[in-house]
Amino acid sequence: MSGPDAAYAAFLAEGRLRLQRCEGCKRHIFYPRVLCPHCGSDSLNWVDASGRGTVYATTVVRKRPEEGGGHNLCLIDLEEGVRMASRVEGIAPEEVAIGMAVTARIAQQGEDAIVVFDLS
Amino acid sequence: MSGDLRGKAAAVGIGLAGIGAAPGFSHLDLTGQAVKIALDDAGLKLSDVDGLFASNLQNVFAPLNVGEYLGIRPKVTEGTQIGGSSPVAHLLWAALALEAGLCDVALVCYGSNQRSAAGRLLSPSTAEPLIYEQPYGPRYPISSYALATSRHMYEYGTTREQLAAIAVAARGWAAMNPVAFMRDPLTVEDVLAARMVCDPLTVRDCCLVTDGAGAVVMTRADRARDLKADPVYLLGCGHAHWHRQISQMPDLTTSAAVDSGKRAYAMARMGPDDIDVLELYDAFTITTLMFLEDLGFCPKGEGGPFVEDGRIAPGGSLPVNTNGGGLSCVHPGMYGIFTVIEAIEQLRGSAGERQVSGAQTAISHGNGGHFSSEVTAIWGTAATL
Ligand SMILES: [Zn+2]
C-alpha cells in the first residue's frame, strides 16, 4: 500500500497521468489526497486523465542570460476540472498565452517523471 | 454576536525600529527596540505585559524566543504563522483575550533583519517544498503573484501602466515619510523599464527587502482612556483563507479578502464608504489592486481604471498606503504589523506631512502566503465608538 502522492508518482513513472475521482460527488481532484476537498468523501478512485488542458495563467521566471534567461511557469486547467502548475514546452516562455489549448506529456526531470504540456 | 468586540480593545502604544537597514542587529534586537518604544508611548512597562502575540520568520517557536528575550512571562501567548497577515490576525485574538480578562496588556510584535541577514530567514519555500509546484521552478512568492497578475490582465484588461500607477502612488506617500526606505521620485516609465523579475512584474512592482520591526500595545478600552496616548479602537477584525499554494487558489482574480472584509465590516458595523484611510498589504502592485476590489472600494475588474489617475496617491480622493507601503517604505519579510502602525498613526493625527486630514477610520489589511491568508482590521477614533 502506498499513499496518494506515491501512487500518483508511480503512475507517472509508468508513463500514465492519472487523477483521483470522487465517488461521492463525481468530481476529479488534484493534488492527490485521502479525502475529497469538495465533499469530504474518502471514496476516491484513480482514473486516466485526458491530458487535454488550457493555459489558465502564465509567467516567465526571469534569470540572468548565463543562467538560461528564464523559463515558463503556468497553471493549466485540465478538461477534468482540476488545475495544476506546469510549464509549456516547445515555444519561447514568453509566447505562452492564457487560453492556449495544450496537451500533457510526461517528461523525465532528474530522477522524477513530471507532467509538462505542449501546444495541442 | 460578531459586534461584541467592536471598540472593546484599543491600541495604546506603537513602536517602529530598524526601518530600512539595521546592520549588526538581530531580528530580536529590532523587535526589542520596537517594543520599548511602544511601551514608552503607552506609559507602560515590560512587566505590565501579560499577553504576547509575536511572530517572525527566523524562529520556529517565535513567541518563545521573543518572550525570553524580553524577559516576560505571559499568561496568554499567540503566534499562529499564516504569513505576512499574522500580526493583523493576532489583533483579533488579542482583543478577545483582553475582553475575556485572560490578559490586561497585550503586546503584538514582529521583527526581521531580512535585508542585513540576507538568506538567513526561515524560507517557507525551502523549509517546506510545495511538491506539486516546485518541479517547475517557481520563484516564491513573486511567481505566484505574477500568475495572478497575468490572469487579472487577461480577464479585465488591466495594464502594466495601471499597476505601475500603484507603485508610483506608494512612492509619492513615501516621499513624505521620513523613515521610508525609498523616497526618490518614481514614474510609471521607471516601473515599466525596471528589471523584469517574473512577467509582467518588474522589480518596482515588487516590495522592498528591508530590515524592520513593529510593536503595538493593546488594552481594554476602559483602561486605554487613562493611558498616555490617544487610544485608537479596534472596531472590527475578520480572517479568511481558502488555499495555501497558488495552484490551489480557486480564482486568481479574487482573494479571500472578500470574506475577511465582510467579517470585519460586519463587526465594525461599517462599509467601504465609512473608511477614510486604507493600509493594504502591498507585497506587489497586484495585491493593492485586488484588495481595493475585494474590500469593496471598486467593482471587481475595475481596479486598473480606479487607480490609474492618481486616486490613491497623495492628493487623490482615497488615501492608500500612506507610509509608502511595502513597495517604498518597509518590507522585512512580513509587512502586516506596519499596516497596523500606520493606521494608528493616521488616526492619532500624528503622521506629519503625510497626515490625512480629519481621518477617523482606517483599514489595516494583511495578506499572507500567495494571496493565501487575508485579514482585515478596522480602526476608529473615539468619535467612531
Ligand atoms: Zn467529493
# chains A, B, ... in the order shown; residues from 1 in each chain; ligands from 1
>>> closest_atom_pairs(of="chain B", to="chain A", cutoff="12 Å", atoms="only C-alpha atoms", output="CSV")
residue,atom,partner,partner_atom,distance
B:Leu130,CA,A:Ala85,CA,10.7
B:Ile131,CA,A:Asp5,CA,9.3
B:Tyr132,CA,A:Ala85,CA,6.9
B:Glu133,CA,A:Ala85,CA,5.5
B:Gln134,CA,A:Ala85,CA,8.8
B:Pro135,CA,A:Ile114,CA,7.6
B:Tyr136,CA,A:Ser86,CA,5.8
B:Gly137,CA,A:Leu73,CA,7.3
B:Pro138,CA,A:Leu73,CA,6.9
B:Arg139,CA,A:Val61,CA,6.8
B:Tyr140,CA,A:Val61,CA,10.1
B:Pro141,CA,A:Val61,CA,11.3
B:Ile142,CA,A:Val61,CA,8.9
B:Ser143,CA,A:Val61,CA,6.7
B:Ser144,CA,A:Thr59,CA,8.8
B:Tyr145,CA,A:Thr59,CA,9.5
B:Ala146,CA,A:Thr59,CA,6.2
B:Leu147,CA,A:Ala57,CA,5.3
B:Ala148,CA,A:Ala57,CA,7.0
B:Thr149,CA,A:Ala57,CA,8.5
B:Ser150,CA,A:Ala57,CA,5.9
B:Arg151,CA,A:Ala57,CA,5.4
B:His152,CA,A:Ala57,CA,9.2
B:Met153,CA,A:Ala57,CA,10.0
B:Tyr154,CA,A:Ile98,CA,7.3
B:Glu155,CA,A:Ile98,CA,9.8
B:Arg195,CA,A:Arg62,CA,9.3
B:Met196,CA,A:Arg62,CA,6.8
B:Val197,CA,A:Arg62,CA,5.4
B:Cys198,CA,A:Val61,CA,4.7
B:Asp199,CA,A:Thr59,CA,5.2
B:Pro200,CA,A:Thr59,CA,7.2
B:Leu201,CA,A:Thr59,CA,9.2
B:Thr202,CA,A:Arg62,CA,10.0
B:Val203,CA,A:Arg62,CA,11.1
B:Trp242,CA,A:Pro37,CA,11.4
B:His243,CA,A:Pro37,CA,11.2
B:Gln245,CA,A:Ala85,CA,10.0
B:Ile246,CA,A:Ala85,CA,8.6
B:Ser247,CA,A:Ala85,CA,5.8
B:Gln248,CA,A:Arg83,CA,7.3
B:Met249,CA,A:Arg83,CA,9.3
B:Pro250,CA,A:Arg83,CA,9.1
B:Asp251,CA,A:Tyr56,CA,9.9
B:Leu252,CA,A:Ala57,CA,8.4
B:Thr253,CA,A:Ala57,CA,10.6
>>> write_last_selection(atoms="C-alpha atoms", output="CSV table (one decimal), in the first residue's frame")
chain,number,residue,atom,x,y,z
B,130,LEU,CA,5.3,22.5,-2.3
B,131,ILE,CA,5.9,19.3,-4.2
B,132,TYR,CA,3.3,19.8,-7.0
B,133,GLU,CA,4.7,23.3,-7.9
B,134,GLN,CA,8.4,23.0,-7.1
B,135,PRO,CA,9.4,20.9,-10.1
B,136,TYR,CA,8.5,23.9,-12.4
B,137,GLY,CA,10.9,26.3,-10.8
B,138,PRO,CA,8.7,28.9,-9.1
B,139,ARG,CA,10.4,31.9,-7.6
B,140,TYR,CA,8.3,32.3,-4.4
B,141,PRO,CA,6.5,34.4,-3.7
B,142,ILE,CA,6.9,36.6,-6.8
B,143,SER,CA,6.0,34.0,-9.4
B,144,SER,CA,2.7,33.3,-7.7
B,145,TYR,CA,1.7,36.9,-7.7
B,146,ALA,CA,2.8,37.2,-11.3
B,147,LEU,CA,0.5,34.4,-12.3
B,148,ALA,CA,-2.4,36.2,-10.6
B,149,THR,CA,-1.4,39.4,-12.4
B,150,SER,CA,-1.5,37.6,-15.7
B,151,ARG,CA,-5.0,36.4,-15.1
B,152,HIS,CA,-6.3,39.8,-14.0
B,153,MET,CA,-4.8,41.4,-17.1
B,154,TYR,CA,-6.4,38.7,-19.3
B,155,GLU,CA,-9.9,38.8,-17.7
B,195,ARG,CA,14.3,44.8,-14.4
B,196,MET,CA,11.7,42.1,-15.2
B,197,VAL,CA,11.5,39.6,-12.3
B,198,CYS,CA,8.5,37.4,-13.2
B,199,ASP,CA,6.5,38.7,-16.2
B,200,PRO,CA,4.7,41.1,-16.0
B,201,LEU,CA,6.1,42.2,-12.7
B,202,THR,CA,9.3,44.2,-12.6
B,203,VAL,CA,11.4,44.8,-9.5
B,242,TRP,CA,-9.0,29.5,1.1
B,243,HIS,CA,-5.8,27.9,-0.1
B,245,GLN,CA,-0.4,27.5,-2.8
B,246,ILE,CA,-1.3,29.5,-5.9
B,247,SER,CA,-2.1,26.4,-8.0
B,248,GLN,CA,-5.0,25.8,-5.5
B,249,MET,CA,-6.4,29.3,-5.5
B,250,PRO,CA,-9.9,28.9,-6.9
B,251,ASP,CA,-10.0,32.2,-8.9
B,252,LEU,CA,-6.7,34.1,-9.3
B,253,THR,CA,-8.6,37.4,-9.6
>>> residues_near_ligand(ligand="ligand 1", cutoff="7 Å", atoms="only C-alpha atoms and all ligand atoms", output="ChimeraX atom specification")
/A:22-27,36-41
>>> select_by_dssp(residues="range 51-202 of chain B", states="strand (DSSP E)", output="PyMOL selection string")
chain B and resi 51-55+76-78+106-112+196-198+201-202
>>> residues_around(residues="Asp48 in chain B", least_positions_apart="6", cutoff="12 Å", atoms="only C-alpha atoms", output="PyMOL selection string")
chain B and resi 39-40+42+70-75+103-107+217-219
>>> select_by_dssp(residues="chain A", states="helix (DSSP H, G or I)", output="JSON, numbers by chain")
{"A": [4, 5, 6, 7, 8, 9, 10, 11, 12, 13, 65, 66, 67, 93, 94, 95]}
>>> write_last_selection(atoms="N, CA, C and O atoms", output="compact mmCIF listing (two decimals), in the first residue's frame")
# COMPACT_ATOMS: atom_id res chain seq x y z
N PRO A 4 -1.39 8.51 -1.49
CA PRO A 4 -1.78 9.09 -2.78
C PRO A 4 -0.65 9.79 -3.52
O PRO A 4 -0.60 9.70 -4.75
N ASP A 5 0.26 10.45 -2.80
CA ASP A 5 1.38 11.10 -3.51
C ASP A 5 2.24 10.05 -4.22
O ASP A 5 2.61 10.22 -5.38
N ALA A 6 2.54 8.99 -3.48
CA ALA A 6 3.39 7.94 -4.06
C ALA A 6 2.68 7.23 -5.20
O ALA A 6 3.30 6.88 -6.21
N ALA A 7 1.38 7.02 -5.06
CA ALA A 7 0.63 6.36 -6.13
C ALA A 7 0.65 7.21 -7.41
O ALA A 7 0.89 6.69 -8.51
N TYR A 8 0.43 8.51 -7.25
CA TYR A 8 0.45 9.42 -8.40
C TYR A 8 1.82 9.37 -9.09
O TYR A 8 1.91 9.26 -10.32
N ALA A 9 2.87 9.45 -8.27
CA ALA A 9 4.22 9.45 -8.82
C ALA A 9 4.52 8.12 -9.53
O ALA A 9 5.18 8.09 -10.58
N ALA A 10 4.02 7.02 -8.95
CA ALA A 10 4.27 5.71 -9.57
C ALA A 10 3.57 5.62 -10.93
O ALA A 10 4.13 5.07 -11.88
N PHE A 11 2.35 6.16 -11.02
CA PHE A 11 1.67 6.18 -12.32
C PHE A 11 2.47 6.99 -13.33
O PHE A 11 2.65 6.57 -14.49
N LEU A 12 2.95 8.15 -12.92
CA LEU A 12 3.75 8.97 -13.83
C LEU A 12 4.99 8.20 -14.29
O LEU A 12 5.36 8.24 -15.47
N ALA A 13 5.61 7.50 -13.36
CA ALA A 13 6.82 6.74 -13.71
C ALA A 13 6.51 5.66 -14.74
O ALA A 13 7.38 5.27 -15.53
N PRO A 65 21.05 35.82 -18.33
CA PRO A 65 21.30 35.06 -19.56
C PRO A 65 22.20 33.85 -19.32
O PRO A 65 21.94 32.76 -19.87
N GLU A 66 23.22 34.01 -18.47
CA GLU A 66 24.13 32.89 -18.23
C GLU A 66 23.46 31.77 -17.44
O GLU A 66 23.96 30.65 -17.37
N GLU A 67 22.30 32.06 -16.84
CA GLU A 67 21.55 31.03 -16.12
C GLU A 67 20.39 30.49 -16.95
O GLU A 67 19.53 29.78 -16.45
N PRO A 93 9.25 30.87 -23.70
CA PRO A 93 8.44 31.01 -22.48
C PRO A 93 7.50 32.21 -22.51
O PRO A 93 6.39 32.14 -22.00
N GLU A 94 7.94 33.31 -23.16
CA GLU A 94 7.07 34.49 -23.19
C GLU A 94 5.97 34.39 -24.24
O GLU A 94 5.07 35.22 -24.28
N GLU A 95 6.04 33.35 -25.08
CA GLU A 95 4.99 33.15 -26.09
C GLU A 95 3.79 32.39 -25.53
O GLU A 95 2.73 32.33 -26.16
>>> closest_residue(among="B:Glu68, B:Arg244, B:Leu347, B:Val216", to="Pro129 in chain B", atoms="only C-alpha atoms")
B:Arg244
>>> residues_around(residues="Ser50 in chain A", least_positions_apart="6", cutoff="12 Å", atoms="only C-alpha atoms", output="list in words")
Arg16, Leu17, Arg18, Leu19, His28, Asp77, Leu78, Glu79, Glu80, Gly81, Val82, Val102, Thr103, Ala104 and Arg105 of chain A
>>> closest_residue(among="A:Ile29, A:Ala101, A:Leu35, A:Ala107", to="Ser120 in chain A", atoms="only C-alpha atoms")
A:Ala101
>>> atom_distance(atom1="CA of Val188 in chain B", atom2="CA of Phe297 in chain B")
22.8 Å
>>> residues_around(residues="Leu289 in chain B", least_positions_apart="5", cutoff="8 Å", atoms="only C-alpha atoms", output="PDB file with all heavy atoms, in the first residue's frame")
ATOM      1  N   LEU B 163      -0.937  49.120 -13.114  1.00  0.00           N
ATOM      2  CA  LEU B 163      -0.243  48.542 -11.953  1.00  0.00           C
ATOM      3  C   LEU B 163       0.900  49.455 -11.516  1.00  0.00           C
ATOM      4  O   LEU B 163       1.113  49.675 -10.323  1.00  0.00           O
ATOM      5  CB  LEU B 163       0.278  47.148 -12.300  1.00  0.00           C
ATOM      6  CG  LEU B 163      -0.822  46.090 -12.485  1.00  0.00           C
ATOM      7  CD1 LEU B 163      -0.303  44.898 -13.264  1.00  0.00           C
ATOM      8  CD2 LEU B 163      -1.379  45.659 -11.133  1.00  0.00           C
ATOM      9  N   ILE B 166       0.212  52.220  -9.130  1.00  0.00           N
ATOM     10  CA  ILE B 166       0.148  51.872  -7.706  1.00  0.00           C
ATOM     11  C   ILE B 166       1.517  52.057  -7.053  1.00  0.00           C
ATOM     12  O   ILE B 166       1.627  52.593  -5.945  1.00  0.00           O
ATOM     13  CB  ILE B 166      -0.367  50.419  -7.552  1.00  0.00           C
ATOM     14  CG1 ILE B 166      -1.840  50.363  -7.964  1.00  0.00           C
ATOM     15  CG2 ILE B 166      -0.159  49.911  -6.132  1.00  0.00           C
ATOM     16  CD1 ILE B 166      -2.384  48.957  -8.150  1.00  0.00           C
ATOM     17  N   GLY B 303     -10.219  47.695 -10.850  1.00  0.00           N
ATOM     18  CA  GLY B 303      -9.119  48.247 -10.063  1.00  0.00           C
ATOM     19  C   GLY B 303      -8.139  49.054 -10.908  1.00  0.00           C
ATOM     20  O   GLY B 303      -7.610  50.068 -10.447  1.00  0.00           O
ATOM     21  N   GLY B 304      -7.908  48.611 -12.136  1.00  0.00           N
ATOM     22  CA  GLY B 304      -6.949  49.312 -13.001  1.00  0.00           C
ATOM     23  C   GLY B 304      -7.381  50.745 -13.274  1.00  0.00           C
ATOM     24  O   GLY B 304      -6.663  51.703 -12.940  1.00  0.00           O
ATOM     25  N   VAL B 307      -7.252  53.156 -10.194  1.00  0.00           N
ATOM     26  CA  VAL B 307      -6.006  53.705  -9.649  1.00  0.00           C
ATOM     27  C   VAL B 307      -5.206  54.527 -10.660  1.00  0.00           C
ATOM     28  O   VAL B 307      -4.274  55.239 -10.283  1.00  0.00           O
ATOM     29  CB  VAL B 307      -5.073  52.589  -9.116  1.00  0.00           C
ATOM     30  CG1 VAL B 307      -5.761  51.807  -8.004  1.00  0.00           C
ATOM     31  CG2 VAL B 307      -4.613  51.654 -10.230  1.00  0.00           C
TER      32      VAL B 307
END
>>> residues_around(residues="range 9-15 of chain B", least_positions_apart="5", cutoff="7 Å", atoms="only C-alpha atoms", output="list in words")
Ala34, Val35, Ile37, Ala38, Leu39, Asp41, Ala42, Ala95, Gly214, Ala215, Val216, Val217, Met218, Thr219, Arg220, Ala221, Ala224, Ala229, Asp230, Pro231, Val232, Tyr233, Leu234 and Ile341 of chain B
>>> write_last_selection(atoms="C-alpha atoms", output="JSON list (two decimals), in the first residue's frame")
[["chain", "number", "residue", "atom", "x", "y", "z"],
["B", 34, "ALA", "CA", 10.15, 48.50, 18.78],
["B", 35, "VAL", "CA", 8.63, 47.06, 21.95],
["B", 37, "ILE", "CA", 9.23, 52.47, 22.01],
["B", 38, "ALA", "CA", 5.66, 51.15, 22.04],
["B", 39, "LEU", "CA", 5.62, 50.65, 25.82],
["B", 41, "ASP", "CA", 4.48, 55.51, 24.09],
["B", 42, "ALA", "CA", 1.75, 53.86, 26.19],
["B", 95, "ALA", "CA", -8.91, 41.75, 21.61],
["B", 214, "GLY", "CA", 6.98, 46.95, 14.77],
["B", 215, "ALA", "CA", 5.10, 46.65, 18.06],
["B", 216, "VAL", "CA", 1.59, 47.54, 19.14],
["B", 217, "VAL", "CA", 0.37, 47.58, 22.74],
["B", 218, "MET", "CA", -3.32, 46.97, 23.34],
["B", 219, "THR", "CA", -5.55, 47.20, 26.39],
["B", 220, "ARG", "CA", -9.26, 47.11, 27.09],
["B", 221, "ALA", "CA", -10.95, 50.34, 26.08],
["B", 224, "ALA", "CA", -6.96, 52.79, 27.42],
["B", 229, "ALA", "CA", -1.62, 58.25, 24.13],
["B", 230, "ASP", "CA", -4.96, 58.83, 22.44],
["B", 231, "PRO", "CA", -6.44, 55.33, 22.10],
["B", 232, "VAL", "CA", -7.31, 54.03, 18.68],
["B", 233, "TYR", "CA", -10.08, 51.47, 18.87],
["B", 234, "LEU", "CA", -10.28, 48.13, 17.11],
["B", 341, "ILE", "CA", 1.05, 51.02, 12.93]]
>>> residues_around(residues="Glu293 in chain B", least_positions_apart="4", cutoff="10 Å", atoms="only C-alpha atoms", output="PyMOL selection string")
chain B and resi 253-255+257-258+287-289+297-304+306
